[in-house]
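Enquirer: Next up is a structure, given as structure tokens.
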Amino acid sequence: MRNPTDPAAAQALAVAVDASSRTPRARLRVDWSGTGGFDHPLSDLSTVAGEITVERQISGDLPEECTLIEGYTTATLSTTLAGQRPSDPRDIARMLSPYRTDATLTDQQLVDADITCDLGLLTATGRELLRQFTGSTRTLTLSSSNRAVEVSALDPAEKLRASITLPPVAQPEEEAYNSTEWPYQARINTQWVVDYVLRRNGIYSSPPPRTGCLFAVTGHGGLIADVAAEAALGFGQATDATAPAFIAGPFGMLAANGAATLSASLSGLATGPFVPGTTDMAYLFEFWCKAGASNTFAQSRDGQILQIGSQYEKQTGVTYQVGISTAGQLWSKFYSDTSLVTTINGPKLTGGAAWHQVGVWVRYRPSAKTIETRWLLDGVVGTVTTTTVTIASLTTKEVASVTVTTPVPVACLQISNAAQPPADWGATWTPQADIDVGLNWMTGLPDIVNADSFDVLKQAVGAEFGVVSFSEDGRFRFLNRETVRTLASRAPVADLAAARELEELTLSTSLDSVRNEITMSVTPRLRPWLWTNVYEAATVDELATPTGTSTRVVTLQKRATVGTIVLSTMTAATYRDATYGYNDACRAYRADTEDEITSNLTISGIAIGGDQVRLTFVNNSGGPIRYGLDSRTPAFRLVGHPISNAPTQTYRATDATSISRYGRRTLAVPDNPFRQTLASAQAIASSLLADLAKPTTVLKDITVVGDPRLQLLDPVTVTDPAGLGGPITAVVIGTRRSLNTSDGLTDQLTLRIRR
């Protein structure tokens, strides 16, 4: 239940809600100018708004008679504008018409404009309003005959428009099938999917990627890069299989865990090069870690958290590392030609293990042979320190390799280009959404390409029967079923009494609501251990290569991870040999002489994101080259690791007591590509049985005196002593709130009785 923040105002509103005589009030505003300030002369439409209706309903994939609290909430607003505002020269229909010579709006401004609605009552302390709707205008219908405007609006789900493509990541099948040898089971939580989708729509629960971000890993329920040219699912090592892979982290989100008995790693490719030896190139490294003055690492860990390799053509290995010591000392290490050049210490943590915000800005000046370093710890930015060293500065490949490790719990890691430390470095970040820890764990991500954002959210959350919604203030929320259950089990926040509020009370109890046998399928997503052909040239001259150095970008024919590539140049015989079928390879020959080429040709490649690979050809053979077994059969292939579905498994859960009483009543839960593990299926089925094993009573379309404080999932009591009895405890699962001149402020509720 919502209330004004001021206690006196909250008390005054409570008295006004229960009063026999009530005076409703409304405020309706539209941001026609799109500035966010609702400052257009026509923004405030409160005085010309007729009937206003705001409707919220929880919808889901289960049969209607089950009426579970699950799925997604959609909110709509409709109103009719009519009459004339005191300061306007014309009625509202003509004021909003974009086609008059004196118009102040265009037809493009009428739709997709932000709109808010507040409803409330006149109280002893003045007008008290509460936000009921935040969204955007969907349609406006202007009538010339009655000079009225019909307005409809949808909640912010309408603005989740980014096209979503999930990265092709999954657990290796050999690890999934052998938990004895690999007790660390790499998993992905619903929270990661929800956060990933929201971040692509500009909604950030943790700090967004900075301008110039090369690589980022949130750690929010999955050790998968959020920004990268390519990344796989993180893998781990565990000596204690009970140690959780993720724990509570900053900003109310999950973090990748690191402990004495557990550690994990993630390797990937950045979106650009790392060239610390180039003039004026500087970098920012940021992360959160849970550590203190004393830390114990897993046996395989030395404290390294972030590692980046320059991918120099003549230099391999690590270029730069950032980490922490067992004594809480933050450090950075610089390498040149794989040899450690210097270690630069930063601040030292004190006290017990706690979450700390850490950052370090570095710049190498090759002319002065100096490294400039500046550290950040918990919002405090230190001074610049200078160290004299010599680092090799060689020609770089197009992207850098990055490794993230977890000697301690870590979250919100980023590597960015930054000529100077940002002006807001260390500033407090306020989360823009509320995202629960998911109850569904996956082995990999479904093959989703260019999908609608809200559809992906509904499907991911629907796999575990959680709730996804936008609040009255327009804030996104994902609630898992346990949170929903906790909210529904609270003490009632309102009493709907027949003598004062109820116009009609109808109870509906149906045997169709009983489900005592739950079946559902899970289909793991896994990464096969074999390399698979993911790109094959269509013609012999598709990748025809001139002399010298040239580049080409190719799109993979199967979504896969490929990493860095060095093609083998094979003879026709070896290219045909099945033992070479899982290699990046080609059979090359001179286009002018048709001589077979096995030397003086180097072909390398690297993933650049979007299922694309950039190939670099260095042809010193003296003439143009084609690729084929003969003049008609192409011979050029790239291999990778596509993700595939493992065999489907079915889980069945029953309630013997319910079956004995009501007979066997089965619910076959619809398939969902995000439902992949039997352990999660078991938890979901048990939760469903707890709700469905007994008949469910629903009170539908109950009209009551309107209360602007009442929300979805609020527990209430219904008292009808002269009629159907009570008090009955129920949960609000649907609301239709209306304000009009005849009935005042009314609510039409759908309630699910709480057992």
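Following the order of the structure tokens, chains are lettered A, B, ..., residues in each are numbered from 1, and ligands are numbered from 1.
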Write out as CSV the residues of region 453-484 of chain A that have any atom within 12 Å of an atom of region 159-163 of chain A, one row each with the nearest atom pair and its distance in Å to one decimal, counting only C-alpha atoms, sorted by chain and then rising number.
Expert:
```
residue,atom,partner,partner_atom,distance
A:Ser453,CA,A:Leu160,CA,5.7
A:Phe454,CA,A:Leu160,CA,6.2
A:Asp455,CA,A:Leu160,CA,9.6
A:Val456,CA,A:Ser163,CA,9.8
A:Leu457,CA,A:Leu160,CA,9.9
A:Lys458,CA,A:Leu160,CA,12.0
A:Phe470,CA,A:Leu160,CA,11.3
A:Gly474,CA,A:Lys159,CA,10.9
A:Phe476,CA,A:Leu160,CA,10.7
```
Enquirer: If you count only C-alpha atoms, which residues fall within 8 Å of region 382-389 of chain A, apart from same-chain ones fewer than 3 positions away, as an MDAnalysis selection string?
Expert: chainID A and resid 341:342 368:376
Enquirer: Quick one: residues within 12 Å of region 80-96 of chain A, only C-alpha atoms counted, chain neighbours fewer than 5 positions away excluded, as a PyMOL selection string?
Expert: chain A and resi 28-30+32+40-53+101-111+139-153+739-740
Enquirer: Would you list, as a PyMOL selection string, the residues of region 531-617 of chain A that end up in helix (DSSP H, G or I) under DSSP run on this structure's backbone?
Expert: chain A and resi 572-576+578-580
Enquirer: Which of these, A:Gly438, A:Pro156, A:Pro172, A:Pro366, has the shortest distance to Leu254 (chain A) once you count only C-alpha atoms?
Expert: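 Using only C-alpha atoms, Leu254 (chain A) sits closest to A:Gly438.
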Enquirer: Restricting the calculation to only C-alpha atoms: of A:Gln304, A:Thr539, A:Ser206, A:Thr79, which residue gets closest to Pro634 (chain A)?
Expert: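 Closest to Pro634 (chain A), using only C-alpha atoms: A:Thr539.
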Enquirer: How many Å lie between CA of Val704 (chain A) and CA of Gly466 (chain A), rounded to one decimal?
Expert: 28.1 Å
Enquirer: From the list A:Pro708, A:Pro721, A:Pro24, A:Gly352, which residue is nearest Val54 (chain A) when using only C-alpha atoms?
Expert: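 Under the stated criterion, the closest residue is A:Pro708.
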Enquirer: Could you give me the residues within region 157-360 of chain A that DSSP places in strand (DSSP E), as a count of residues only?
Expert: 77
Enquirer: Give me the residues within 7 Å of Ala646 (chain A) as an mmCIF file with N, CA and C atoms, in the first residue's frame, counting only C-alpha atoms and dropping any in the same chain fewer than 4 places off.
Expert:
```cif
data_model
loop_
_atom_site.group_PDB
_atom_site.id
_atom_site.type_symbol
_atom_site.label_atom_id
_atom_site.label_comp_id
_atom_site.auth_asym_id
_atom_site.auth_seq_id
_atom_site.Cartn_x
_atom_site.Cartn_y
_atom_site.Cartn_z
ATOM 1 N N THR A 523 15.203 -28.469 -20.929
ATOM 2 C CA THR A 523 16.123 -28.770 -22.025
ATOM 3 C C THR A 523 17.408 -27.989 -21.800
ATOM 4 N N PRO A 524 18.455 -28.640 -21.282
ATOM 5 C CA PRO A 524 19.710 -27.922 -21.046
ATOM 6 C C PRO A 524 20.310 -27.384 -22.337
ATOM 7 N N ARG A 525 20.958 -26.238 -22.235
ATOM 8 C CA ARG A 525 21.749 -25.681 -23.329
ATOM 9 C C ARG A 525 23.214 -25.918 -22.976
ATOM 10 N N LEU A 526 23.962 -26.581 -23.872
ATOM 11 C CA LEU A 526 25.339 -26.950 -23.571
ATOM 12 C C LEU A 526 26.251 -26.638 -24.753
#
```
Enquirer: Report as an NGL selection string all protein, DNA and RNA residues lying within 7 Å of Lys558 (chain A), evaluated on only C-alpha atoms, omitting residues in the same chain fewer than 2 positions from it.
Expert: :A and (534 or 556 or 560 or 642)
Enquirer: Near Ala685 (chain A), within 8 Å and counting only C-alpha atoms, which residues show up once chain neighbours fewer than 3 positions away are dropped, as a PyMOL selection string?
Expert: chain A and resi 518-519+652-653+681-682+688-689
Enquirer: For the selection just defined, write its residues with N, CA, C and O atoms to a file, as an mmCIF file, in the first residue's frame.
Expert:
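What ended up in again.cif:
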```cif
data_model
loop_
_atom_site.group_PDB
_atom_site.id
_atom_site.type_symbol
_atom_site.label_atom_id
_atom_site.label_comp_id
_atom_site.auth_asym_id
_atom_site.auth_seq_id
_atom_site.Cartn_x
_atom_site.Cartn_y
_atom_site.Cartn_z
ATOM 1 N N ILE A 518 1.948 -31.964 -11.466
ATOM 2 C CA ILE A 518 2.611 -30.954 -12.298
ATOM 3 C C ILE A 518 3.695 -31.638 -13.127
ATOM 4 O O ILE A 518 4.545 -32.348 -12.586
ATOM 5 N N THR A 519 3.648 -31.455 -14.433
ATOM 6 C CA THR A 519 4.720 -31.963 -15.290
ATOM 7 C C THR A 519 5.319 -30.803 -16.067
ATOM 8 O O THR A 519 4.598 -29.902 -16.511
ATOM 9 N N ARG A 652 8.130 -34.611 -12.993
ATOM 10 C CA ARG A 652 6.743 -34.734 -12.542
ATOM 11 C C ARG A 652 6.698 -34.657 -11.027
ATOM 12 O O ARG A 652 7.462 -35.327 -10.333
ATOM 13 N N ALA A 653 5.795 -33.820 -10.504
ATOM 14 C CA ALA A 653 5.614 -33.685 -9.061
ATOM 15 C C ALA A 653 4.137 -33.887 -8.743
ATOM 16 O O ALA A 653 3.260 -33.436 -9.494
ATOM 17 N N ALA A 681 13.412 -26.989 -11.871
ATOM 18 C CA ALA A 681 12.065 -27.496 -12.164
ATOM 19 C C ALA A 681 11.413 -28.056 -10.903
ATOM 20 O O ALA A 681 10.211 -27.868 -10.668
ATOM 21 N N GLN A 682 12.197 -28.733 -10.094
ATOM 22 C CA GLN A 682 11.665 -29.294 -8.859
ATOM 23 C C GLN A 682 11.165 -28.192 -7.928
ATOM 24 O O GLN A 682 10.073 -28.290 -7.345
ATOM 25 N N LEU A 688 4.293 -24.495 -7.253
ATOM 26 C CA LEU A 688 2.988 -24.539 -7.911
ATOM 27 C C LEU A 688 2.021 -25.440 -7.148
ATOM 28 O O LEU A 688 0.842 -25.105 -6.966
ATOM 29 N N LEU A 689 2.495 -26.597 -6.700
ATOM 30 C CA LEU A 689 1.624 -27.514 -5.967
ATOM 31 C C LEU A 689 1.096 -26.873 -4.684
ATOM 32 O O LEU A 689 -0.061 -27.097 -4.290
#
```
Enquirer: Which residue is closest to Ala231 (chain A)? Choose from A:Val402, A:Val698, A:Leu413, A:Leu749 and count only C-alpha atoms.
Expert: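 Distance minimum relative to Ala231 (chain A) lands on A:Val402.
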Enquirer: Taking only C-alpha atoms into account, which of A:Ser513, A:Gln414, A:Ser20, A:Thr123 comes nearest Gly212 (chain A)?
Expert: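 For Gly212 (chain A), the nearest of the candidates is A:Gln414.
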Enquirer: What are the closest atom pairs, with distances in Å to one decimal, for each residue of region 333-451 of chain A lying within 6 Å of region 267-282 of chain A, using only C-alpha atoms, rows by chain and rising residue number, as CSV?
Expert:
```
residue,atom,partner,partner_atom,distance
A:Val362,CA,A:Ala282,CA,5.7
A:Arg363,CA,A:Ala282,CA,4.3
A:Tyr364,CA,A:Pro276,CA,5.6
A:Arg365,CA,A:Thr279,CA,5.9
A:Pro366,CA,A:Gly277,CA,5.8
A:Ser393,CA,A:Gly277,CA,4.5
A:Glu398,CA,A:Pro273,CA,5.2
A:Val399,CA,A:Pro273,CA,4.1
A:Ala400,CA,A:Pro273,CA,4.8
A:Ser401,CA,A:Leu269,CA,4.6
A:Val402,CA,A:Gly268,CA,5.4
A:Thr403,CA,A:Ser267,CA,4.4
A:Ala418,CA,A:Ala282,CA,5.5
A:Ala419,CA,A:Ala282,CA,5.2
```
Enquirer: Let me see the file: selected residues, C-alpha atoms, as a PDB file, in the first residue's frame.
Expert:
```pdb
ATOM      1  CA  VAL A 362      46.749   4.248 -15.777  1.00  0.00           C
ATOM      2  CA  ARG A 363      48.639   5.984 -18.584  1.00  0.00           C
ATOM      3  CA  TYR A 364      52.012   5.049 -20.074  1.00  0.00           C
ATOM      4  CA  ARG A 365      53.957   7.858 -21.782  1.00  0.00           C
ATOM      5  CA  PRO A 366      56.502   6.202 -24.119  1.00  0.00           C
ATOM      6  CA  SER A 393      55.124  -0.534 -27.945  1.00  0.00           C
ATOM      7  CA  GLU A 398      42.290  -5.213 -33.307  1.00  0.00           C
ATOM      8  CA  VAL A 399      41.026  -6.385 -29.921  1.00  0.00           C
ATOM      9  CA  ALA A 400      42.511  -7.226 -26.548  1.00  0.00           C
ATOM     10  CA  SER A 401      42.041 -10.430 -24.584  1.00  0.00           C
ATOM     11  CA  VAL A 402      40.627 -10.111 -21.075  1.00  0.00           C
ATOM     12  CA  THR A 403      40.450 -12.502 -18.145  1.00  0.00           C
ATOM     13  CA  ALA A 418      39.841   7.248 -20.515  1.00  0.00           C
ATOM     14  CA  ALA A 419      42.202  10.111 -21.319  1.00  0.00           C
TER      15      ALA A 419
END
```
Enquirer: My list of candidates is A:Ser294, A:Thr390, A:Gln191, A:Thr532. Which is closest to Asp337 (chain A) when distances are computed with only C-alpha atoms?
Expert: A:Thr390
